[in-house]
Structures are given as structure tokens and as C-alpha cells.
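Okay, input-v4.tsv now, which holds TSV, C-alpha atoms:
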```tsv
chain	number	residue	atom	x	y	z
Y	14	ALA	CA	22.48	59.14	145.18
Y	15	LEU	CA	23.34	56.06	143.16
Y	16	GLY	CA	19.68	54.99	143.28
Y	17	ILE	CA	18.53	58.38	141.99
Y	18	GLY	CA	21.10	58.18	139.21
Y	19	LEU	CA	19.79	54.80	138.09
Y	20	VAL	CA	16.22	56.08	138.04
Y	21	LEU	CA	17.20	59.08	135.94
Y	22	ALA	CA	19.14	56.91	133.53
Y	23	GLN	CA	16.14	54.67	133.00
Y	24	ALA	CA	13.62	57.52	132.58
Y	25	PRO	CA	12.15	57.74	129.05
Y	26	GLN	CA	13.65	60.46	126.88
Y	27	ALA	CA	11.40	63.06	125.21
Y	28	ARG	CA	11.13	62.43	121.50
Y	29	ALA	CA	9.83	64.38	118.54
Y	30	GLU	CA	6.33	63.75	117.21
Y	31	ASP	CA	6.20	61.08	114.49
Y	32	GLY	CA	6.51	62.67	111.06
Y	33	VAL	CA	7.81	66.03	112.28
Y	34	THR	CA	11.43	67.18	112.20
Y	35	ASP	CA	13.01	70.62	112.42
Y	36	ASN	CA	12.71	71.02	108.65
Y	37	GLU	CA	10.10	68.52	107.43
Y	38	ILE	CA	6.46	67.44	107.73
Y	39	LEU	CA	5.79	63.90	106.51
Y	40	VAL	CA	2.44	63.37	104.75
Y	41	GLY	CA	1.19	59.94	103.73
Y	42	ALA	CA	-1.41	59.43	101.00
Y	43	ILE	CA	-3.12	56.48	99.31
Y	44	GLY	CA	-4.91	56.00	95.99
Y	45	ALA	CA	-5.03	53.77	92.93
Y	46	LEU	CA	-2.26	54.45	90.40
Y	47	THR	CA	-3.24	51.61	88.06
Y	48	GLY	CA	-6.48	49.84	87.19
Y	49	PRO	CA	-10.05	51.11	86.85
Y	50	LEU	CA	-9.77	53.55	89.78
Y	51	SER	CA	-6.55	55.20	88.59
Y	52	PHE	CA	-8.62	58.07	87.17
Y	53	VAL	CA	-9.09	59.05	90.84
Y	54	GLY	CA	-5.77	58.18	92.48
Y	55	MET	CA	-3.31	59.33	89.85
Y	56	PRO	CA	-4.68	62.88	89.43
Y	57	GLY	CA	-5.12	63.04	93.21
Y	58	ARG	CA	-1.42	62.29	93.62
Y	59	ASP	CA	-0.38	64.75	90.91
Y	60	GLY	CA	-2.57	67.54	92.28
Y	61	LEU	CA	-1.26	67.04	95.81
Y	62	ALA	CA	2.33	66.99	94.55
Y	63	LEU	CA	1.82	70.24	92.63
Y	64	GLY	CA	0.28	71.95	95.64
Y	65	PHE	CA	2.93	70.83	98.13
Y	66	GLY	CA	5.61	71.73	95.57
Y	67	GLU	CA	4.35	75.30	95.31
Y	68	ILE	CA	4.15	75.61	99.09
Y	69	ASN	CA	7.69	74.25	99.52
Y	70	ALA	CA	9.02	76.60	96.84
Y	71	LYS	CA	7.85	79.48	99.04
Y	72	GLY	CA	9.63	78.13	102.10
Y	73	GLY	CA	7.04	75.73	103.48
Y	74	VAL	CA	5.40	76.49	106.82
Y	75	ASN	CA	7.25	77.54	109.98
Y	76	GLY	CA	10.52	76.56	108.34
Y	77	ARG	CA	9.33	73.07	107.49
Y	78	LYS	CA	8.74	71.66	104.03
Y	79	PHE	CA	6.29	68.90	103.12
Y	80	LYS	CA	7.40	65.45	102.02
Y	81	MET	CA	4.67	63.22	100.61
Y	82	LEU	CA	4.77	59.42	100.52
Y	83	PHE	CA	2.10	58.08	98.16
Y	84	GLU	CA	1.09	54.41	98.30
Y	85	HIS	CA	-0.78	52.65	95.49
Y	86	ALA	CA	-4.00	51.08	96.77
Y	87	ALA	CA	-6.98	49.99	94.67
Y	88	THR	CA	-8.84	47.28	96.60
Y	89	PRO	CA	-10.15	47.51	100.18
Y	90	ALA	CA	-7.40	45.13	101.36
Y	91	GLU	CA	-4.68	47.15	99.62
Y	92	SER	CA	-6.07	50.38	101.06
Y	93	LEU	CA	-6.01	49.14	104.64
Y	94	ALA	CA	-2.51	47.68	104.22
Y	95	ALA	CA	-1.22	50.94	102.70
Y	96	VAL	CA	-2.67	53.03	105.52
Y	97	LYS	CA	-1.13	50.77	108.16
Y	98	LYS	CA	2.28	50.94	106.44
Y	99	LEU	CA	2.23	54.72	106.27
Y	100	VAL	CA	1.17	55.12	109.90
Y	101	GLU	CA	3.05	52.30	111.63
Y	102	GLN	CA	6.17	51.90	109.48
Y	103	ASP	CA	6.71	55.26	107.82
Y	104	LYS	CA	5.41	57.22	110.85
Y	105	VAL	CA	3.63	59.94	108.87
Y	106	PHE	CA	2.23	62.99	110.65
Y	107	VAL	CA	-0.86	63.40	108.46
Y	108	LEU	CA	-2.75	60.86	106.34
Y	109	VAL	CA	-4.59	61.81	103.13
Y	110	LEU	CA	-7.18	59.42	101.69
Y	111	ALA	CA	-7.08	60.15	97.95
Y	112	SER	CA	-8.68	56.84	97.07
Y	113	GLY	CA	-12.38	57.58	96.71
Y	114	SER	CA	-15.08	55.85	98.70
Y	115	THR	CA	-13.65	52.31	98.37
Y	116	GLY	CA	-10.36	53.07	100.10
Y	117	ALA	CA	-11.88	55.52	102.55
Y	118	ALA	CA	-14.43	52.96	103.71
Y	119	ALA	CA	-11.73	50.30	104.13
Y	120	ALA	CA	-9.56	52.61	106.24
Y	121	ALA	CA	-12.37	54.15	108.31
Y	122	ASP	CA	-12.27	51.93	111.40
Y	123	TYR	CA	-8.47	51.89	111.52
Y	124	VAL	CA	-7.96	55.67	111.36
Y	125	ARG	CA	-10.68	56.26	113.94
Y	126	GLY	CA	-9.04	53.81	116.31
Y	127	ASN	CA	-5.50	55.03	115.69
Y	128	GLY	CA	-6.31	58.74	115.99
Y	129	ILE	CA	-3.99	59.80	113.13
Y	130	PRO	CA	-5.04	63.18	111.66
Y	131	THR	CA	-6.80	62.05	108.47
Y	132	TYR	CA	-7.99	64.08	105.48
Y	133	ASN	CA	-10.62	62.33	103.33
Y	134	ILE	CA	-10.55	64.31	100.09
Y	135	PHE	CA	-12.60	62.11	97.73
Y	136	GLY	CA	-14.77	59.67	99.69
Y	137	SER	CA	-18.46	60.55	99.96
Y	138	THR	CA	-19.50	57.25	101.55
Y	139	PRO	CA	-21.15	57.59	104.98
Y	140	ILE	CA	-18.81	54.86	106.30
Y	141	ILE	CA	-15.91	57.33	106.52
Y	142	ARG	CA	-18.11	60.27	107.55
Y	143	GLU	CA	-20.27	58.64	110.20
Y	144	PRO	CA	-20.00	58.43	113.12
Y	145	PHE	CA	-18.17	61.70	113.66
Y	146	ALA	CA	-14.49	61.32	114.57
Y	147	LYS	CA	-12.49	64.27	115.86
Y	148	ASN	CA	-9.37	63.23	113.91
Y	149	VAL	CA	-11.07	62.77	110.50
Y	150	PHE	CA	-11.62	65.77	108.21
Y	151	HIS	CA	-13.38	65.94	104.83
Y	152	GLY	CA	-12.76	68.15	101.84
Y	153	ALA	CA	-14.25	69.29	98.55
Y	154	ILE	CA	-16.49	66.25	97.97
Y	155	VAL	CA	-19.74	66.84	99.83
Y	156	PRO	CA	-21.58	64.08	101.74
Y	157	ALA	CA	-24.30	62.11	99.98
Y	158	ALA	CA	-27.00	63.77	102.08
Y	159	LEU	CA	-26.26	67.19	100.52
Y	160	GLN	CA	-25.97	66.17	96.87
Y	161	PRO	CA	-29.76	66.01	96.22
Y	162	ILE	CA	-29.97	69.74	96.91
Y	163	ALA	CA	-27.75	70.42	93.92
Y	164	LEU	CA	-29.50	67.85	91.72
Y	165	LEU	CA	-32.95	69.32	92.34
Y	166	GLU	CA	-31.76	72.90	91.96
Y	167	GLN	CA	-30.33	71.95	88.58
Y	168	VAL	CA	-33.65	70.38	87.57
Y	169	ASN	CA	-35.30	73.76	88.17
Y	170	ASP	CA	-32.42	75.92	86.91
Y	171	GLY	CA	-33.47	78.91	84.85
Y	172	GLY	CA	-37.09	78.75	86.00
Y	173	TYR	CA	-37.78	75.28	84.57
Y	174	LYS	CA	-40.82	73.76	86.30
Y	175	SER	CA	-40.85	69.99	86.32
Y	176	LYS	CA	-44.16	68.26	86.95
Y	177	LYS	CA	-42.75	64.73	87.18
Y	178	ILE	CA	-39.13	63.58	87.58
Y	179	GLY	CA	-37.70	60.30	86.37
Y	180	VAL	CA	-34.74	59.02	88.40
Y	181	LEU	CA	-32.45	56.51	86.67
Y	182	ALA	CA	-30.07	55.00	89.24
Y	183	GLY	CA	-27.32	52.41	89.19
Y	184	THR	CA	-27.73	49.47	91.56
Y	185	TYR	CA	-24.20	49.75	92.98
Y	186	ALA	CA	-22.97	51.58	96.10
Y	187	PHE	CA	-22.40	55.22	95.14
Y	188	PRO	CA	-25.61	55.88	93.16
Y	189	GLN	CA	-27.62	53.92	95.72
Y	190	SER	CA	-26.39	56.11	98.58
Y	191	THR	CA	-27.33	59.19	96.57
Y	192	LEU	CA	-30.71	57.68	95.64
Y	193	VAL	CA	-31.64	57.15	99.29
Y	194	GLU	CA	-31.01	60.82	100.05
Y	195	LEU	CA	-32.62	62.03	96.82
Y	196	LYS	CA	-35.85	60.17	97.57
Y	197	LYS	CA	-35.92	61.71	101.05
Y	198	SER	CA	-35.53	65.19	99.55
Y	199	MET	CA	-38.21	64.63	96.91
Y	200	ASP	CA	-40.63	63.24	99.49
Y	201	GLU	CA	-40.04	66.22	101.79
Y	202	ARG	CA	-40.79	68.57	98.90
Y	203	LYS	CA	-43.82	66.49	97.87
Y	204	LEU	CA	-42.48	66.07	94.35
Y	205	ASP	CA	-43.95	63.58	91.90
Y	206	TYR	CA	-41.31	61.10	90.70
Y	207	VAL	CA	-40.69	57.58	89.41
Y	208	VAL	CA	-37.52	55.54	89.95
Y	209	GLU	CA	-35.97	53.05	87.53
Y	210	GLN	CA	-32.66	51.26	88.12
Y	211	PHE	CA	-29.91	49.64	86.07
Y	212	ASP	CA	-26.93	47.37	86.67
Y	213	GLN	CA	-23.41	48.73	86.59
Y	214	ALA	CA	-21.94	49.28	83.10
Y	215	ALA	CA	-25.38	48.98	81.43
Y	216	ARG	CA	-25.72	50.14	77.82
Y	217	ASP	CA	-29.38	49.41	77.06
Y	218	PHE	CA	-32.00	51.41	78.97
Y	219	THR	CA	-35.04	50.67	76.80
Y	220	ALA	CA	-37.27	49.28	79.56
Y	221	GLN	CA	-36.51	52.13	81.95
Y	222	LEU	CA	-37.03	54.83	79.32
Y	223	VAL	CA	-40.33	53.31	78.17
Y	224	SER	CA	-41.45	53.55	81.79
Y	225	PHE	CA	-40.49	57.22	81.85
Y	226	GLN	CA	-42.43	57.84	78.65
Y	227	ARG	CA	-45.46	56.04	80.03
Y	228	ASN	CA	-45.27	58.16	83.19
Y	229	LYS	CA	-44.82	61.37	81.16
Y	230	VAL	CA	-41.73	62.59	82.98
Y	231	ASP	CA	-40.39	65.98	81.93
Y	232	ALA	CA	-37.04	65.75	83.73
Y	233	VAL	CA	-34.59	62.88	84.19
Y	234	ILE	CA	-31.90	62.63	86.88
Y	235	VAL	CA	-29.23	60.02	86.14
Y	236	LEU	CA	-27.19	58.61	89.04
Y	237	GLY	CA	-24.25	56.78	87.53
Y	238	SER	CA	-20.95	57.10	85.67
Y	239	PHE	CA	-20.42	59.34	82.64
Y	240	SER	CA	-20.63	56.34	80.29
Y	241	GLU	CA	-23.88	55.05	81.82
Y	242	ALA	CA	-25.43	58.51	81.86
Y	243	GLY	CA	-24.18	59.26	78.36
Y	244	PHE	CA	-25.68	56.15	76.78
Y	245	ALA	CA	-28.94	56.59	78.69
Y	246	ILE	CA	-29.40	60.21	77.56
Y	247	LYS	CA	-28.43	59.40	73.96
Y	248	GLN	CA	-30.93	56.55	73.86
Y	249	ALA	CA	-33.63	58.72	75.42
Y	250	LYS	CA	-33.16	61.38	72.77
Y	251	ASP	CA	-33.22	58.74	70.03
Y	252	MET	CA	-36.57	57.60	71.45
Y	253	GLY	CA	-38.02	61.09	71.11
Y	254	MET	CA	-37.33	62.34	74.65
Y	255	ALA	CA	-35.50	65.43	73.46
Y	256	ASN	CA	-37.41	68.31	75.03
Y	257	ILE	CA	-36.93	67.42	78.67
Y	258	ARG	CA	-34.40	68.45	81.33
Y	259	TYR	CA	-31.46	66.08	81.90
Y	260	VAL	CA	-29.39	66.29	85.10
Y	261	VAL	CA	-26.45	64.02	86.02
Y	262	ASP	CA	-24.59	63.60	89.30
Y	263	GLY	CA	-21.00	64.65	89.91
Y	264	SER	CA	-19.49	61.37	88.74
Y	265	ALA	CA	-20.91	61.95	85.24
Y	266	VAL	CA	-19.82	65.58	84.87
Y	267	ASN	CA	-16.93	64.63	82.64
Y	268	ARG	CA	-15.89	65.69	79.14
Y	269	ALA	CA	-16.14	62.09	77.98
Y	270	ILE	CA	-19.94	62.15	78.28
Y	271	VAL	CA	-20.27	64.74	75.50
Y	272	PRO	CA	-19.16	62.62	72.50
Y	273	ILE	CA	-21.32	59.73	73.75
Y	274	ILE	CA	-24.49	61.86	73.72
Y	275	GLY	CA	-23.63	63.79	70.58
Y	276	ASN	CA	-25.63	66.96	71.07
Y	277	ALA	CA	-25.22	67.32	74.84
Y	278	ASP	CA	-25.96	71.04	75.05
Y	279	GLY	CA	-28.21	71.81	77.99
Y	280	VAL	CA	-27.33	68.75	80.07
Y	281	ARG	CA	-26.81	69.87	83.65
Y	282	GLY	CA	-24.96	68.61	86.71
Y	283	TYR	CA	-22.65	69.81	89.44
Y	284	PHE	CA	-18.91	70.11	90.01
Y	285	ASN	CA	-16.91	70.25	93.22
Y	286	GLY	CA	-15.16	73.49	92.38
Y	287	PRO	CA	-15.88	77.00	91.09
Y	288	TYR	CA	-14.49	76.30	87.59
Y	289	PHE	CA	-14.56	73.32	85.27
Y	290	PRO	CA	-11.19	72.41	83.67
Y	291	GLY	CA	-10.90	74.15	80.31
Y	292	GLN	CA	-13.30	76.91	81.32
Y	293	ASP	CA	-12.29	80.41	80.25
Y	294	ALA	CA	-11.38	81.68	83.71
Y	295	GLN	CA	-7.88	82.75	84.75
Y	296	PRO	CA	-7.50	80.64	87.93
Y	297	ILE	CA	-8.25	77.35	86.19
Y	298	LYS	CA	-6.20	78.31	83.11
Y	299	ASP	CA	-3.18	79.10	85.33
Y	300	PHE	CA	-3.67	75.87	87.24
Y	301	GLU	CA	-3.78	73.80	84.05
Y	302	ALA	CA	-0.57	75.43	82.80
Y	303	ALA	CA	1.20	74.71	86.09
Y	304	LEU	CA	-0.01	71.10	86.16
Y	305	LYS	CA	1.10	70.55	82.58
Y	306	LYS	CA	4.55	71.92	83.39
Y	307	SER	CA	4.83	69.69	86.46
Y	308	LEU	CA	4.03	66.65	84.28
Y	309	ASN	CA	6.82	67.47	81.81
Y	310	GLY	CA	4.57	69.30	79.40
Y	311	GLU	CA	2.10	66.49	78.78
Y	312	LEU	CA	-1.39	66.05	80.24
Y	313	PRO	CA	-2.89	62.56	80.00
Y	314	GLN	CA	-6.16	62.24	78.08
Y	315	GLY	CA	-9.09	63.51	80.10
Y	316	ARG	CA	-6.90	65.50	82.43
Y	317	PRO	CA	-7.05	67.68	84.36
Y	318	ASN	CA	-10.20	66.38	85.99
Y	319	ALA	CA	-11.93	67.08	89.31
Y	320	TYR	CA	-9.41	64.96	91.19
Y	321	ASP	CA	-6.42	66.99	89.92
Y	322	VAL	CA	-8.14	70.17	91.08
Y	323	ILE	CA	-9.21	68.81	94.47
Y	324	GLY	CA	-5.82	67.22	95.15
Y	325	TYR	CA	-4.11	70.54	94.47
Y	326	GLY	CA	-6.45	72.54	96.69
Y	327	SER	CA	-6.26	69.95	99.46
Y	328	ALA	CA	-2.49	70.43	99.82
Y	329	PHE	CA	-3.12	74.04	100.79
Y	330	VAL	CA	-5.73	73.07	103.37
Y	331	VAL	CA	-3.18	70.79	105.06
Y	332	ALA	CA	-0.59	73.56	104.85
Y	333	GLN	CA	-2.90	76.00	106.63
Y	334	ALA	CA	-3.80	73.54	109.38
Y	335	VAL	CA	-0.18	72.71	110.26
Y	336	PRO	CA	1.06	76.24	111.15
Y	337	ALA	CA	-2.12	76.85	113.10
Y	338	ALA	CA	-1.04	73.92	115.30
Y	339	GLY	CA	2.01	75.88	116.50
Y	340	LYS	CA	5.75	75.94	115.94
Y	341	SER	CA	6.13	72.49	117.49
Y	342	PRO	CA	3.02	70.73	116.18
Y	343	THR	CA	1.73	67.52	117.67
Y	344	LYS	CA	-1.06	65.37	116.30
Y	345	ALA	CA	-3.31	66.61	119.09
Y	346	SER	CA	-2.56	70.28	118.39
Y	347	LEU	CA	-3.05	69.72	114.65
Y	348	ILE	CA	-6.48	68.17	115.23
Y	349	ASP	CA	-7.48	71.09	117.48
Y	350	ALA	CA	-6.23	73.68	114.97
Y	351	TRP	CA	-7.86	71.95	111.99
Y	352	SER	CA	-11.16	71.80	113.89
Y	353	ASN	CA	-11.22	75.61	113.90
Y	354	LEU	CA	-9.91	76.30	110.39
Y	355	LYS	CA	-11.88	78.93	108.45
Y	356	ASP	CA	-12.04	79.42	104.68
Y	357	ALA	CA	-8.91	77.38	103.96
Y	358	GLY	CA	-7.70	77.01	100.40
Y	359	PRO	CA	-5.03	78.02	97.88
Y	360	LYS	CA	-5.98	81.70	97.75
Y	361	LYS	CA	-4.69	82.42	101.26
Y	362	MET	CA	-1.21	81.18	100.33
Y	363	GLY	CA	-0.95	82.64	96.84
Y	364	GLY	CA	-2.10	79.49	95.02
Y	365	PHE	CA	-4.62	79.15	92.22
Y	366	ASP	CA	-8.12	79.64	93.64
Y	367	VAL	CA	-9.73	76.54	92.10
Y	368	ILE	CA	-11.59	74.98	95.06
Y	369	PHE	CA	-14.31	76.31	97.30
Y	370	PRO	CA	-13.02	77.42	100.73
Y	371	GLU	CA	-13.19	74.78	103.45
Y	372	SER	CA	-14.22	75.53	107.04
Y	373	TYR	CA	-14.45	73.36	110.15
Y	374	THR	CA	-15.76	73.48	113.69
Y	375	PRO	CA	-15.09	71.13	116.62
Y	376	THR	CA	-18.37	69.34	115.83
Y	377	ASP	CA	-18.50	69.63	112.01
Y	378	HIS	CA	-15.62	68.37	109.86
Y	379	GLN	CA	-17.43	68.25	106.50
Y	380	GLY	CA	-15.33	71.11	105.10
Y	381	ASN	CA	-17.02	72.24	101.89
Y	382	LYS	CA	-20.71	73.13	101.65
Y	383	LEU	CA	-20.74	74.57	98.11
Y	384	LEU	CA	-21.06	73.06	94.64
Y	385	GLY	CA	-20.74	74.53	91.17
Y	386	GLY	CA	-23.85	74.26	89.02
Y	387	THR	CA	-22.68	73.08	85.59
Y	388	ILE	CA	-24.15	73.00	82.10
Y	389	VAL	CA	-22.90	71.81	78.73
Y	390	LYS	CA	-22.53	74.77	76.39
Y	391	GLY	CA	-20.86	74.47	73.02
Y	392	GLN	CA	-20.04	70.82	73.68
Y	393	ASP	CA	-18.10	71.46	76.89
Y	394	TRP	CA	-18.94	71.88	80.57
Y	395	SER	CA	-18.90	75.19	82.40
Y	396	VAL	CA	-19.64	76.09	86.00
Y	397	VAL	CA	-22.27	78.80	85.69
Y	398	ARG	CA	-23.31	79.37	89.31
Y	399	THR	CA	-22.55	78.48	92.92
Y	400	ILE	CA	-25.02	76.31	94.81
Y	401	ASN	CA	-25.08	76.81	98.57
Y	402	LEU	CA	-26.01	73.52	100.21
Y	403	VAL	CA	-26.66	75.03	103.64
Y	404	LYS	CA	-29.22	77.83	103.63
```

Is it possible to give me this structure as C-alpha cells?
Amino acid sequence: ALGIGLVLAQAPQARAEDGVTDNEILVGAIGALTGPLSFVGMPGRDGLALGFGEINAKGGVNGRKFKMLFEHAATPAESLAAVKKLVEQDKVFVLVLASGSTGAAAAADYVRGNGIPTYNIFGSTPIIREPFAKNVFHGAIVPAALQPIALLEQVNDGGYKSKKIGVLAGTYAFPQSTLVELKKSMDERKLDYVVEQFDQAARDFTAQLVSFQRNKVDAVIVLGSFSEAGFAIKQAKDMGMANIRYVVDGSAVNRAIVPIIGNADGVRGYFNGPYFPGQDAQPIKDFEAALKKSLNGELPQGRPNAYDVIGYGSAFVVAQAVPAAGKSPTKASLIDAWSNLKDAGPKKMGGFDVIFPESYTPTDHQGNKLLGGTIVKGQDWSVVRTINLVK
């Protein structure tokens, strides 16, 4: 009897899942709050905070409210260190990568090996998306392989028929990953095109544009930031290339491109939601008012942007995955539930319907397969149609 008693005393005691208590779910998130990437991380944090705040105000899920710990991380080294702290020291239940492709790529191997339920809401890089990992889920930002569908549909929007496309691409990571996929798509469609490239932060595109003129392109796709695309399109128009179709990728669909170009009407692109901030549509107007209130009545210049909107919507996706995992969720049950989530988003929980619904299967964790086709009208962007990337 004494021996049995000693064995029982030494037996391990059952413990709660890390990051889950009777009244709280602990969410960890990373992103840059200062420096050149803060335009991603800061609105990501604020959007997530607004979304979780609204959910908590309505009682949370299954009696539990969300608590978010947000770690600043700008460089790859900072991103990996922040993820390890949140998982190993803070013991979070869910990890959100709100850091863009740089942080997502740095954390990819660690989160795959650790198995922590991870939500990549901004990173389009294949490093975080491939190979498939059952614990890693993706959100509103679509993978690089699908973006060319939207770019080419915008080239031909409204019945425009391009005979030759000029592609102007930055030589750094994000535009290069898009360029690889875009060339594949154009080759499959047997389109006639010419590619010219530029270094990051370029301001003079004379040589590339002369090449486009020589090749008689009638449409130009720019893969680069809003400043790069803005200066390139302005210079092209100054060189007499006014009556052609201009299309930019998602990173350039930003209000700041308009004053750079001057007359930007007709420039097209795509957005990762059904409405562009400032558009005359009730869901985005209500969202902007709520965000402004949450930030003490002041919105920083250029905000809200896509990352505010996506951060907000992403909070509701997490909130719909957690209750589906059961009243006593574990990381394993959360992963299983998330892998079967259908049409998740703010609308199902009474939030502002500003993201496309996200769906998952046990073998496909890409989440969103829709983009908003955008155009500059009256010196501001509007989403004018929905582009289905899987037909």
C-alpha cells in the first residue's frame, strides 16, 4: 500500500493547456512598431486590438476573453526572438504573424517545428507557405502564385485588349517572387511581353521606359512600392506614354501614390478586401469611425490602410476557430477546428464586414481566394469588383 501511495504521489498532475484559463485566451503577435516596416506592424496591432476588443465587449467566446501580447520585431533576428519569447516564456495559445514576409520567413522553421497554432496574416512569401504545415494558417493576403491572375484581369478590365505588356519589376524579394509567377501566367496564356527591372527605391526609369516605347507596349504592370510605381508612371506620362493601361500590385495600391503621379485617374490594381479605406460604403465607414475612436480620436497619416483592415478581420477569424475547438480547447483541437473553418470573418460575429471570408480544409490553409479590383477615380482608390482567383 505504501508503494502504491508513493507511485500516486509522484504521478504527473494534469495541467491546463498553455495560454488557456477558465476566463482567458492568450494570443501572441509580432510586428514592427518602429522603423521602415512600422506601416505594417503598427496598423496590424491596432486592427487586431480593435477586433479582439469588440469580441471581448460581447462576452468573448465560451466565457473566455482574448488577451493579446504584441512584441515589436522588425529584423529577421528580432522576429525569431519575439516568437520564441511568446511561445516559450509567455506560453501563448495562438501566435499571429503580423510582420509581413520578413518576419514570417524568419519564424517559419520554428513554428513548423514547435507546432504552435500560427496565423500568418500578412506574409505572402513562399517560405512561410511552403511546404504545407498543418499548424500554420494564412489570411487575407493571397500567395504570390495567385496574384498574377488579378494583375492580368486588371490589364484587360473593361474590355481593354493589350497587344504587348511591359513589366517593370523591382530586383528585391517581394516583386521578384511575383515576377516569377507573372511570367509563368503570361507564358501559359501566350501573351507578348517585355520585362525591365529596377533597384529598390529607384526614382529614374528612363532606360526602362525607352525600352517600353521601343517595344510599343500598350500596358505596363509595375511590381514595386507605391513610391517606385508612382515615380515610374509619372515619368512615363511625361515621356508621352499617357494613353496606355497602368496596373500596380497590391503594395502600391496606396493613397500616397496619387499625389506622386498627379493625374492618377484610371490606374488600376488590387486590394485585399472588398472596400478601400475612405470608400463610400457603410462597412468601411463604420470601421474607420470605430478605429478612430479606439485611437483616441486621431488616425495617423495614411491610416487606415490595408493592414488595419486585415488585422481587424483576422481577430474575428481567430475568435471563430477557438469556440469550434470545444469548451476546453487544446492546441490540437484548435488546429483541427481551424482546418475545417468555413467563411470566417467579422460578419458572423456582428463585426464590420471589411475582409473577404476565409475558408480552410485539412489540406489547404490559404484562407482567402478573392481580391478586390481597384481603380483610381477622382484622385482616390475604390474597389469596383471582386476577382475570384480560383475558377

(message) Counting only C-alpha atoms, which residue out of Y:Leu39, Y:Val180, Y:Ala90, Y:Ala265 sits closest to Ala119 (chain Y)?
(response) Y:Ala90

(message) My list of candidates is Y:Glu194, Y:Leu82, Y:Asp321, Y:Lys229. Which is closest to Ser51 (chain Y) when distances are computed with all atoms listed in the file?
(response) Y:Asp321

(request) Have a look at Y:Pro336, Y:Gly152, Y:Gly64, Y:Gly183 and name the one nearest to Ala214 (chain Y); count all atoms listed in the file. (result)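 Of the candidates, the smallest distance to Ala214 (chain Y) is held by Y:Gly183.
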
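Using all atoms listed in the file, the smallest distance between any of Y:Phe284, Y:Phe300, Y:Phe150, Y:Tyr206 and Leu383 (chain Y) comes from Y:Phe284.
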
(message) With all atoms listed in the file as the counted atoms, please give the residues lying no more than 10 Å from Val397 (chain Y), apart from itself and same-chain residues fewer than 6 positions off, as a list in words.
(response)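 What passes the distance filter is Tyr283, Pro287, Tyr288, Phe289, Gly385, Gly386, Thr387, Ile388 and Val389 of chain Y.
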
(message) List as a PyMOL selection string the residues having at least one atom at most 12 Å from position (7.0, 75.5, 96.2) as given in the file, counting all atoms listed in the file.
(response) chain Y and resi 61-74+77-80+303+307+328-329+332+362-364

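Reported to one decimal place, the separation of CA of Ala45 (chain Y) from CA of Arg58 (chain Y) is 9.3 Å.
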
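Between CA of Gln226 (chain Y) and CA of Ile178 (chain Y) the interatomic distance comes to 11.1 Å.
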
How close does region 308-362 of chain Y get to region 91-106 of chain Y? List, as a tab-separated table, each residue of region 308-362 of chain Y within 12 Å, its nearest atom pair and the distance in Å to one decimal, counting only C-alpha atoms.
```
residue	atom	partner	partner_atom	distance
Y:Val331	CA	Y:Phe106	CA	11.0
Y:Val335	CA	Y:Phe106	CA	10.0
Y:Pro342	CA	Y:Phe106	CA	9.5
Y:Thr343	CA	Y:Phe106	CA	8.4
Y:Lys344	CA	Y:Phe106	CA	7.0
Y:Ala345	CA	Y:Phe106	CA	10.7
Y:Ser346	CA	Y:Phe106	CA	11.7
Y:Leu347	CA	Y:Phe106	CA	9.4
Y:Ile348	CA	Y:Phe106	CA	11.1
```

(request) Could you give me, as a ChimeraX atom specification, the residues within 12 Å of Ala120 (chain Y), counting only C-alpha atoms and dropping anything in the same chain fewer than 6 positions from it? (result) /Y:42-44,86,88-100,108-114,126-129,131-133,136,138,140-142,149

(message) Please list, as number ranges by chain, the residues that have an atom at most 10 Å away from (-26.4, 66.5, 95.1) in the coordinates of this file, counting only C-alpha atoms.
(response) Y: 155-167, 191-192, 194-195, 236, 261-263, 282-284, 384, 400, 402

(message) Please report the interatomic distance between CA of Tyr173 (chain Y) and CA of Arg258 (chain Y) in Å with one decimal.
(response)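 If I compute the distance from CA of Tyr173 (chain Y) to CA of Arg258 (chain Y), I get 8.3 Å.
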
(request) Tell me which of Y:Val124, Y:Ile323, Y:Ala350, Y:Ala245 sits closest to Val53 (chain Y), counting only C-alpha atoms. (result)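 Closest candidate: Y:Ile323.
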
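Across Y:Val223, Y:Val230, Y:Ala87, Y:Val266, the tightest approach to Gly243 (chain Y) is made by Y:Val266 when counting all atoms listed in the file.
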
(request) Excluding Lys147 (chain Y) and residues on its chain fewer than 3 positions from it, collect all residues at most 9 Å away from it, counting all atoms listed in the file, and give them as number ranges by chain. (result) Y: 125, 128, 130, 150, 348-349, 352, 375-378

(message) Please list as an MDAnalysis selection string every residue within 9 Å of Ala215 (chain Y), counting all atoms listed in the file and excluding residues in the same chain fewer than 3 positions away.
(response) chainID Y and resid 183 211:212 218 240:241 244:245

Can you pull out every residue within 7 Å of Leu46 (chain Y), counting only C-alpha atoms, but drop anything in the same chain fewer than 5 positions away, and send it as a CSV table (one decimal) with C-alpha atoms, in the coordinates of the input?
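For reference, around.csv as written:
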```csv
chain,number,residue,atom,x,y,z
Y,51,SER,CA,-6.6,55.2,88.6
Y,54,GLY,CA,-5.8,58.2,92.5
Y,55,MET,CA,-3.3,59.3,89.8
Y,85,HIS,CA,-0.8,52.6,95.5
```

Would you save region 101-111 of chain Y to a file, keeping N, CA and C atoms, as a short mmCIF file (atom, residue, chain, number, x, y, z; two decimals), in the first residue's frame?
```cif
data_model
loop_
_atom_site.label_atom_id
_atom_site.label_comp_id
_atom_site.auth_asym_id
_atom_site.auth_seq_id
_atom_site.Cartn_x
_atom_site.Cartn_y
_atom_site.Cartn_z
N GLU Y 101 7.67 30.30 -25.67
CA GLU Y 101 8.36 29.57 -24.61
C GLU Y 101 8.27 30.25 -23.25
N GLN Y 102 8.24 31.57 -23.24
CA GLN Y 102 8.20 32.30 -21.96
C GLN Y 102 6.79 32.72 -21.59
N ASP Y 103 6.08 33.32 -22.54
CA ASP Y 103 4.73 33.80 -22.24
C ASP Y 103 3.67 32.71 -22.37
N LYS Y 104 4.01 31.61 -23.04
CA LYS Y 104 3.12 30.45 -23.16
C LYS Y 104 1.80 30.80 -23.84
N VAL Y 105 1.85 31.48 -24.98
CA VAL Y 105 0.61 31.86 -25.67
C VAL Y 105 -0.05 30.63 -26.29
N PHE Y 106 -1.34 30.73 -26.51
CA PHE Y 106 -2.12 29.64 -27.10
C PHE Y 106 -2.11 29.70 -28.62
N VAL Y 107 -2.12 30.92 -29.14
CA VAL Y 107 -2.14 31.16 -30.59
C VAL Y 107 -1.09 32.21 -30.91
N LEU Y 108 -0.42 32.07 -32.05
CA LEU Y 108 0.57 33.04 -32.50
C LEU Y 108 0.09 33.69 -33.78
N VAL Y 109 0.15 35.03 -33.86
CA VAL Y 109 -0.22 35.77 -35.06
C VAL Y 109 1.03 36.47 -35.60
N LEU Y 110 1.35 36.17 -36.86
CA LEU Y 110 2.47 36.84 -37.52
C LEU Y 110 1.92 38.05 -38.27
N ALA Y 111 2.07 39.23 -37.67
CA ALA Y 111 1.59 40.47 -38.27
C ALA Y 111 2.78 41.30 -38.74
#
```
